[in-house]
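What follows is the content of target_14.cif (mmCIF, C-alpha atoms).
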```
data_structure
#
loop_
_atom_site.label_atom_id
_atom_site.label_comp_id
_atom_site.auth_asym_id
_atom_site.auth_seq_id
_atom_site.Cartn_x
_atom_site.Cartn_y
_atom_site.Cartn_z
CA MET H 26 0.00 0.00 0.00
CA ARG H 27 1.30 3.44 -0.97
CA PRO H 28 -0.01 6.87 0.05
CA SER H 29 -1.50 7.45 -3.40
CA ASP H 30 -3.44 4.18 -3.15
CA LEU H 31 -5.68 5.72 -0.49
CA THR H 32 -7.05 8.22 -2.98
CA SER H 33 -7.82 5.34 -5.33
CA LEU H 34 -9.76 3.64 -2.53
CA LYS H 35 -11.77 6.84 -2.00
CA GLN H 36 -12.54 7.08 -5.71
CA LYS H 37 -13.78 3.48 -5.67
CA GLY H 38 -15.91 4.14 -2.60
CA GLN H 39 -14.02 1.51 -0.61
CA PRO H 40 -13.83 2.44 3.11
CA ILE H 41 -10.32 2.69 4.52
CA ALA H 42 -9.48 0.91 7.78
CA VAL H 43 -6.67 2.38 9.89
CA LEU H 44 -5.37 0.86 13.13
CA THR H 45 -2.61 2.02 15.44
CA ALA H 46 0.35 -0.17 16.35
CA TRP H 47 3.16 0.35 18.83
CA ASP H 48 5.24 -2.85 18.72
CA SER H 49 5.75 -5.98 16.65
CA LEU H 50 2.91 -7.86 18.37
CA SER H 51 0.27 -5.16 17.82
CA ALA H 52 1.51 -4.72 14.25
CA ALA H 53 1.13 -8.44 13.50
CA LEU H 54 -2.41 -8.44 14.89
CA ALA H 55 -3.45 -5.36 12.90
CA GLU H 56 -1.91 -6.71 9.70
CA ALA H 57 -3.63 -10.08 10.15
CA ALA H 58 -6.93 -8.23 10.69
CA GLY H 59 -6.55 -6.67 7.23
CA ALA H 60 -5.94 -3.01 8.10
CA ASP H 61 -5.13 -0.80 5.11
CA VAL H 62 -2.95 1.55 7.16
CA LEU H 63 -0.93 1.10 10.33
CA LEU H 64 -0.39 4.33 12.23
CA VAL H 65 2.39 4.46 14.78
CA GLY H 66 0.58 7.16 16.68
CA ASP H 67 2.04 9.29 19.43
CA SER H 68 -0.82 7.79 21.44
CA LEU H 69 1.78 5.14 22.27
CA ALA H 70 2.98 7.63 24.88
CA MET H 71 -0.18 6.77 26.80
CA VAL H 72 -0.83 3.21 25.59
CA ALA H 73 2.69 1.81 25.91
CA LEU H 74 4.76 4.26 27.95
CA GLY H 75 2.36 5.23 30.72
CA HIS H 76 2.21 8.98 30.14
CA ALA H 77 -0.92 11.03 30.80
CA THR H 78 -0.74 12.81 27.41
CA THR H 79 1.03 12.37 24.07
CA LEU H 80 3.40 15.28 24.71
CA PRO H 81 6.36 13.52 26.41
CA VAL H 82 7.13 10.98 23.67
CA THR H 83 10.37 11.76 21.81
CA LEU H 84 11.46 11.37 18.21
CA ASP H 85 13.89 8.62 19.25
CA GLN H 86 11.05 6.74 20.91
CA MET H 87 8.78 7.13 17.89
CA LEU H 88 11.53 5.77 15.66
CA HIS H 89 12.20 2.89 18.05
CA HIS H 90 8.53 1.87 18.05
CA THR H 91 8.15 2.32 14.29
CA GLN H 92 11.07 -0.03 13.73
CA ALA H 93 9.46 -2.57 16.07
CA VAL H 94 6.13 -2.27 14.24
CA ALA H 95 7.87 -2.88 10.91
CA ARG H 96 9.45 -6.06 12.28
CA GLY H 97 5.99 -7.38 13.07
CA LEU H 98 4.81 -7.26 9.46
CA THR H 99 5.08 -10.58 7.66
CA SER H 100 3.52 -9.96 4.23
CA MET H 101 5.57 -9.18 1.17
CA PRO H 102 6.40 -5.45 1.14
CA ALA H 103 3.96 -4.70 -1.68
CA ASP H 104 1.15 -6.35 0.27
CA GLN H 105 1.85 -4.75 3.64
CA PRO H 106 -0.36 -2.02 5.09
CA LEU H 107 0.80 1.55 4.57
CA LEU H 108 2.99 2.45 7.55
CA VAL H 109 2.66 6.04 8.81
CA CYS H 110 4.35 7.54 11.86
CA ASP H 111 3.28 10.55 13.92
CA LEU H 112 5.74 13.38 14.23
CA PRO H 113 5.91 14.00 17.99
CA PHE H 114 5.44 17.29 19.80
CA LEU H 115 8.17 19.87 19.04
CA SER H 116 9.66 17.86 16.18
CA TYR H 117 7.95 20.06 13.58
CA GLN H 118 6.76 23.15 15.48
CA CYS H 119 10.26 24.63 15.64
CA GLY H 120 10.84 25.28 11.97
CA GLU H 121 11.02 23.67 8.59
CA ASP H 122 14.61 22.46 8.82
CA ARG H 123 13.98 20.56 12.05
CA ALA H 124 10.78 19.11 10.65
CA VAL H 125 12.52 17.84 7.50
CA ALA H 126 15.31 16.33 9.59
CA ALA H 127 12.84 14.60 11.92
CA ALA H 128 10.55 13.28 9.19
CA GLY H 129 13.48 12.31 6.99
CA ARG H 130 15.03 10.32 9.82
CA LEU H 131 11.80 8.38 10.37
CA LEU H 132 11.58 7.43 6.70
CA LYS H 133 15.32 6.79 6.35
CA GLU H 134 15.75 4.60 9.45
CA SER H 135 12.45 2.70 9.31
CA SER H 136 10.08 1.40 6.67
CA ALA H 137 7.52 4.16 7.32
CA ALA H 138 6.23 5.65 4.06
CA GLY H 139 4.71 8.81 5.49
CA VAL H 140 4.35 11.00 8.55
CA LYS H 141 1.35 12.58 10.27
CA LEU H 142 1.29 15.97 11.94
CA GLU H 143 -1.39 18.07 13.57
CA GLY H 144 -2.93 21.44 12.76
CA ALA H 145 -3.10 23.88 9.86
CA GLU H 146 -1.65 27.08 11.26
CA PRO H 147 0.47 29.07 8.78
CA GLU H 148 3.67 27.70 10.33
CA VAL H 149 2.41 24.13 9.99
CA ILE H 150 1.31 24.71 6.39
CA ALA H 151 4.82 25.96 5.60
CA VAL H 152 6.27 22.80 7.15
CA ILE H 153 3.90 20.57 5.16
CA ASP H 154 4.77 22.35 1.92
CA ARG H 155 8.48 21.86 2.60
CA LEU H 156 8.10 18.18 3.57
CA VAL H 157 6.07 17.37 0.48
CA ARG H 158 8.52 19.17 -1.79
CA MET H 159 11.31 17.10 -0.21
CA GLY H 160 9.47 13.90 -1.15
CA ILE H 161 8.02 13.11 2.28
CA PRO H 162 4.31 12.11 2.19
CA VAL H 163 2.23 13.88 4.84
CA MET H 164 -1.06 12.95 6.49
CA GLY H 165 -2.87 15.89 8.09
CA HIS H 166 -4.86 15.95 11.33
CA LEU H 167 -7.61 18.42 12.31
CA GLY H 168 -10.32 18.68 14.94
CA LEU H 169 -9.25 17.36 18.31
CA THR H 170 -5.46 17.55 18.12
CA PRO H 171 -3.97 15.81 21.19
CA GLN H 172 -0.69 17.75 21.05
CA ALA H 173 -2.75 20.89 21.79
CA VAL H 174 -4.37 19.31 24.87
CA HIS H 175 -3.38 22.17 27.17
CA ARG H 176 -5.18 24.63 24.90
CA LEU H 177 -8.09 22.60 23.58
CA GLY H 178 -8.53 19.77 26.08
CA TYR H 179 -10.11 16.53 24.87
CA ARG H 180 -13.54 18.02 24.16
CA ARG H 181 -15.37 17.94 20.86
CA GLN H 182 -14.14 20.53 18.39
CA ALA H 183 -15.75 22.80 15.75
CA THR H 184 -19.20 22.89 17.30
CA ASP H 185 -20.18 26.38 16.10
CA ALA H 186 -20.62 27.77 12.59
CA ILE H 187 -17.54 29.99 12.61
CA SER H 188 -15.15 27.26 13.75
CA GLN H 189 -16.70 24.83 11.29
CA GLU H 190 -16.08 27.13 8.33
CA ARG H 191 -12.53 27.67 9.58
CA LEU H 192 -11.94 23.91 9.75
CA ILE H 193 -13.20 23.42 6.20
CA ASP H 194 -10.86 26.15 4.99
CA GLN H 195 -7.99 24.50 6.89
CA ALA H 196 -8.80 21.12 5.34
CA ARG H 197 -8.73 22.62 1.86
CA SER H 198 -5.40 24.27 2.67
CA LEU H 199 -3.92 20.95 3.76
CA GLU H 200 -5.03 19.36 0.50
CA ARG H 201 -3.66 22.25 -1.59
CA ASN H 202 -0.30 21.93 0.11
CA GLY H 203 0.05 18.25 -0.67
CA CYS H 204 -1.35 16.15 2.19
CA PHE H 205 -2.29 12.71 0.88
CA SER H 206 -5.04 12.21 3.48
CA LEU H 207 -6.59 13.84 6.51
CA VAL H 208 -7.50 12.54 9.96
CA LEU H 209 -10.55 14.31 11.38
CA GLU H 210 -11.02 13.73 15.11
CA HIS H 211 -13.98 14.32 17.45
CA VAL H 212 -16.01 16.78 15.36
CA PRO H 213 -19.72 16.79 14.44
CA ALA H 214 -20.69 14.14 11.89
CA LYS H 215 -22.35 16.65 9.54
CA LEU H 216 -19.17 18.71 9.45
CA ALA H 217 -17.06 15.64 8.72
CA SER H 218 -19.35 14.76 5.81
CA ARG H 219 -18.95 18.28 4.41
CA VAL H 220 -15.17 17.97 4.60
CA GLN H 221 -15.28 14.55 2.96
CA GLN H 222 -17.28 15.96 0.06
CA ALA H 223 -15.09 19.04 -0.27
CA LEU H 224 -11.79 17.15 -0.60
CA THR H 225 -10.44 14.76 -3.20
CA ILE H 226 -8.03 13.23 -0.68
CA PRO H 227 -9.40 10.65 1.80
CA VAL H 228 -10.84 11.88 5.10
CA ILE H 229 -10.26 9.38 7.90
CA GLY H 230 -12.57 9.86 10.86
CA ILE H 231 -12.31 9.11 14.56
CA GLY H 232 -15.31 10.26 16.52
CA ALA H 233 -16.47 12.08 13.39
CA GLY H 234 -19.40 9.96 12.25
CA ASP H 235 -19.78 7.50 9.42
CA GLY H 236 -19.63 9.98 6.54
CA CYS H 237 -15.84 9.81 6.20
CA ASP H 238 -13.83 7.81 3.68
CA GLY H 239 -12.49 5.59 6.44
CA GLN H 240 -12.03 5.18 10.15
CA VAL H 241 -9.00 5.10 12.44
CA ARG H 242 -8.96 3.69 15.95
CA VAL H 243 -6.40 3.14 18.67
CA THR H 244 -6.10 -0.65 18.68
CA ALA H 245 -5.73 -0.82 22.45
CA ASP H 246 -9.06 1.00 22.82
CA LEU H 247 -10.85 -1.43 20.51
CA LEU H 248 -9.42 -4.38 22.43
CA GLY H 249 -10.53 -2.91 25.75
CA LEU H 250 -6.99 -2.69 27.10
CA THR H 251 -6.97 0.96 28.15
CA PRO H 252 -8.20 1.90 31.63
CA LYS H 253 -10.52 4.62 30.24
CA GLN H 254 -12.30 4.48 26.88
CA PRO H 255 -12.64 7.57 24.69
CA PRO H 256 -16.31 8.51 24.22
CA PHE H 257 -16.10 7.79 20.50
CA SER H 258 -14.31 4.43 20.64
CA GLN H 259 -16.28 1.61 22.21
CA ALA H 260 -14.33 -1.50 23.19
CA LEU H 261 -15.12 -4.57 21.08
CA VAL H 262 -14.13 -6.90 23.94
CA ASP H 263 -13.35 -6.40 27.62
CA GLY H 264 -9.75 -7.33 26.96
CA ARG H 265 -8.34 -5.85 30.13
CA GLN H 266 -10.58 -7.91 32.41
CA LEU H 267 -10.28 -10.98 30.19
CA PHE H 268 -6.50 -10.99 30.41
CA ILE H 269 -6.44 -10.14 34.11
CA GLU H 270 -8.68 -13.11 34.89
CA ALA H 271 -6.57 -15.43 32.72
CA LEU H 272 -3.38 -14.32 34.46
CA LYS H 273 -5.02 -14.60 37.88
CA GLY H 274 -5.83 -18.21 37.01
CA TRP H 275 -2.22 -18.89 36.12
CA VAL H 276 -0.95 -17.24 39.31
CA SER H 277 -3.38 -19.30 41.40
CA GLN H 278 -2.39 -22.53 39.65
CA THR H 279 1.27 -21.75 40.12
CA ARG H 280 0.90 -21.04 43.83
CA ASN H 281 -1.25 -24.11 44.45
CA HIS H 282 0.75 -26.43 42.18
CA THR H 283 -2.41 -27.36 40.28
CA PRO H 284 -2.54 -28.20 36.56
CA PRO H 285 -4.30 -25.85 34.12
CA THR H 286 -8.06 -26.38 33.92
CA THR H 287 -8.83 -24.40 30.75
CA GLY H 288 -7.27 -23.92 27.35
CA SER H 289 -5.16 -26.24 25.28
CA PRO H 290 -1.85 -27.47 26.70
CA ARG H 291 1.26 -26.12 25.08
CA SER H 292 4.39 -28.18 24.87
CA THR H 293 7.26 -26.72 26.87
CA PRO H 294 10.84 -27.74 26.11
CA ASP H 295 12.89 -29.16 28.93
CA CYS H 296 14.98 -26.53 30.67
#
```

Final structure tokens representation of the file:
Amino acid sequence: MRPSDLTSLKQKGQPIAVLTAWDSLSAALAEAAGADVLLVGDSLAMVALGHATTLPVTLDQMLHHTQAVARGLTSMPADQPLLVCDLPFLSYQCGEDRAVAAAGRLLKESSAAGVKLEGAEPEVIAVIDRLVRMGIPVMGHLGLTPQAVHRLGYRRQATDAISQERLIDQARSLERNGCFSLVLEHVPAKLASRVQQALTIPVIGIGAGDGCDGQVRVTADLLGLTPKQPPFSQALVDGRQLFIEALKGWVSQTRNHTPPTTGSPRSTPDC
């Protein structure tokens, strides 16, 4: 999968499925599930590293996790999902040169084929223009932008007419400056549909209704592994409790020297 293939999927009316991954195990699961795109999101700061926000994760850490995700993919390269990595906080807000160096390093030292960054302020637009001209595919991100949590919080965005028109203008600007797709997070469904119709590039929604060209979800949220679910991402299974109970069973069996009572036995080599 290449960045340009997503536009072809939009033109065919084929919904695009995007899942996050943060290590080789989550990547293998998402690939086996048939995801079109794997996003190494800076949400791994919260999912894998225990931070309260996405802000603390570093470029080195994003690269480290992107490399691990790539090692989890088993299909032939041409058949693998498109691998996109978030540019972390302060890797692109401090000027075009730093942004090119950061994005270039991610693509040079991993198998990522694109980067994602948040916002559409004039400074960000200038960065996107420079990245695209340097041959680095860029995915945009509007609406709830987690790197702006201290300014915006985690509440729904663009709920009034003025902010909605501004977001549509920003989305058009991202497309004009070369973004190959756009993530639209936690905005009204009617607004997301308007953006989807206004752009030729795919609009990938999360908490933005069903009128987008595709959906992206944090895999740990879907599997019920996170302590608190986002309001727009319902868990498909209660994975956290399921795994806790399974591990409790193993701990109890180990302490009581009792054989397993559920599941299939697995052969263990002699130590």

Which polymer residues have any atom within 10 Å of an atom of stretch 28-43 of chain H, counting all atoms listed in the file, with same-chain residues fewer than 5 positions away left out, as a PyMOL selection string? chain H and resi 55+58-64+106-109+138-139+162-164+204-206+221+225-231+237-244

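In this comparison, which uses all atoms listed in the file, the residue of H:Asp122, H:Gly168, H:Ser49, H:Ser258 approaching H:Ser188 most closely is H:Gly168.
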
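For the choices H:Glu121, H:Glu134, H:Asp85, H:Asp48, the atom-to-atom distance to H:Ala245 is smallest for H:Asp48 when using all atoms listed in the file.
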
Atom-to-atom span, atom CA of H:Val94 and atom CA of H:His166, Å: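 We find that atom CA of H:Val94 and atom CA of H:His166 lie 21.5 Å from each other.
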
Using all atoms listed in the file: which of H:Ala271, H:Leu209, H:Ala77, H:Ile161 has the shortest distance to H:His175: H:Ala77

For this file, the PyMOL selection byres ((chain H and resi 84) around 10) selects which residues, as a PyMOL selection string? chain H and resi 67+81-83+85-90+111-116+127-128+130-131

Write a file of the selected residues as a compact mmCIF listing (two decimals), keeping the file's coordinate frame, keeping C-alpha atoms.
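Wrote selection-v2.txt, looks like this:
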```txt
# COMPACT_ATOMS: atom_id res chain seq x y z
CA ASP H 67 2.04 9.29 19.43
CA PRO H 81 6.36 13.52 26.41
CA VAL H 82 7.13 10.98 23.67
CA THR H 83 10.37 11.76 21.81
CA ASP H 85 13.89 8.62 19.25
CA GLN H 86 11.05 6.74 20.91
CA MET H 87 8.78 7.13 17.89
CA LEU H 88 11.53 5.77 15.66
CA HIS H 89 12.20 2.89 18.05
CA HIS H 90 8.53 1.87 18.05
CA ASP H 111 3.28 10.55 13.92
CA LEU H 112 5.74 13.38 14.23
CA PRO H 113 5.91 14.00 17.99
CA PHE H 114 5.44 17.29 19.80
CA LEU H 115 8.17 19.87 19.04
CA SER H 116 9.66 17.86 16.18
CA ALA H 127 12.84 14.60 11.92
CA ALA H 128 10.55 13.28 9.19
CA ARG H 130 15.03 10.32 9.82
CA LEU H 131 11.80 8.38 10.37
```

I need the residue nearest H:Gln189 from this list: H:Thr170, H:Ser218, H:His282, H:Leu156. Use all atoms listed in the file for the distance.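 Selected residue with least distance to H:Gln189: H:Ser218.
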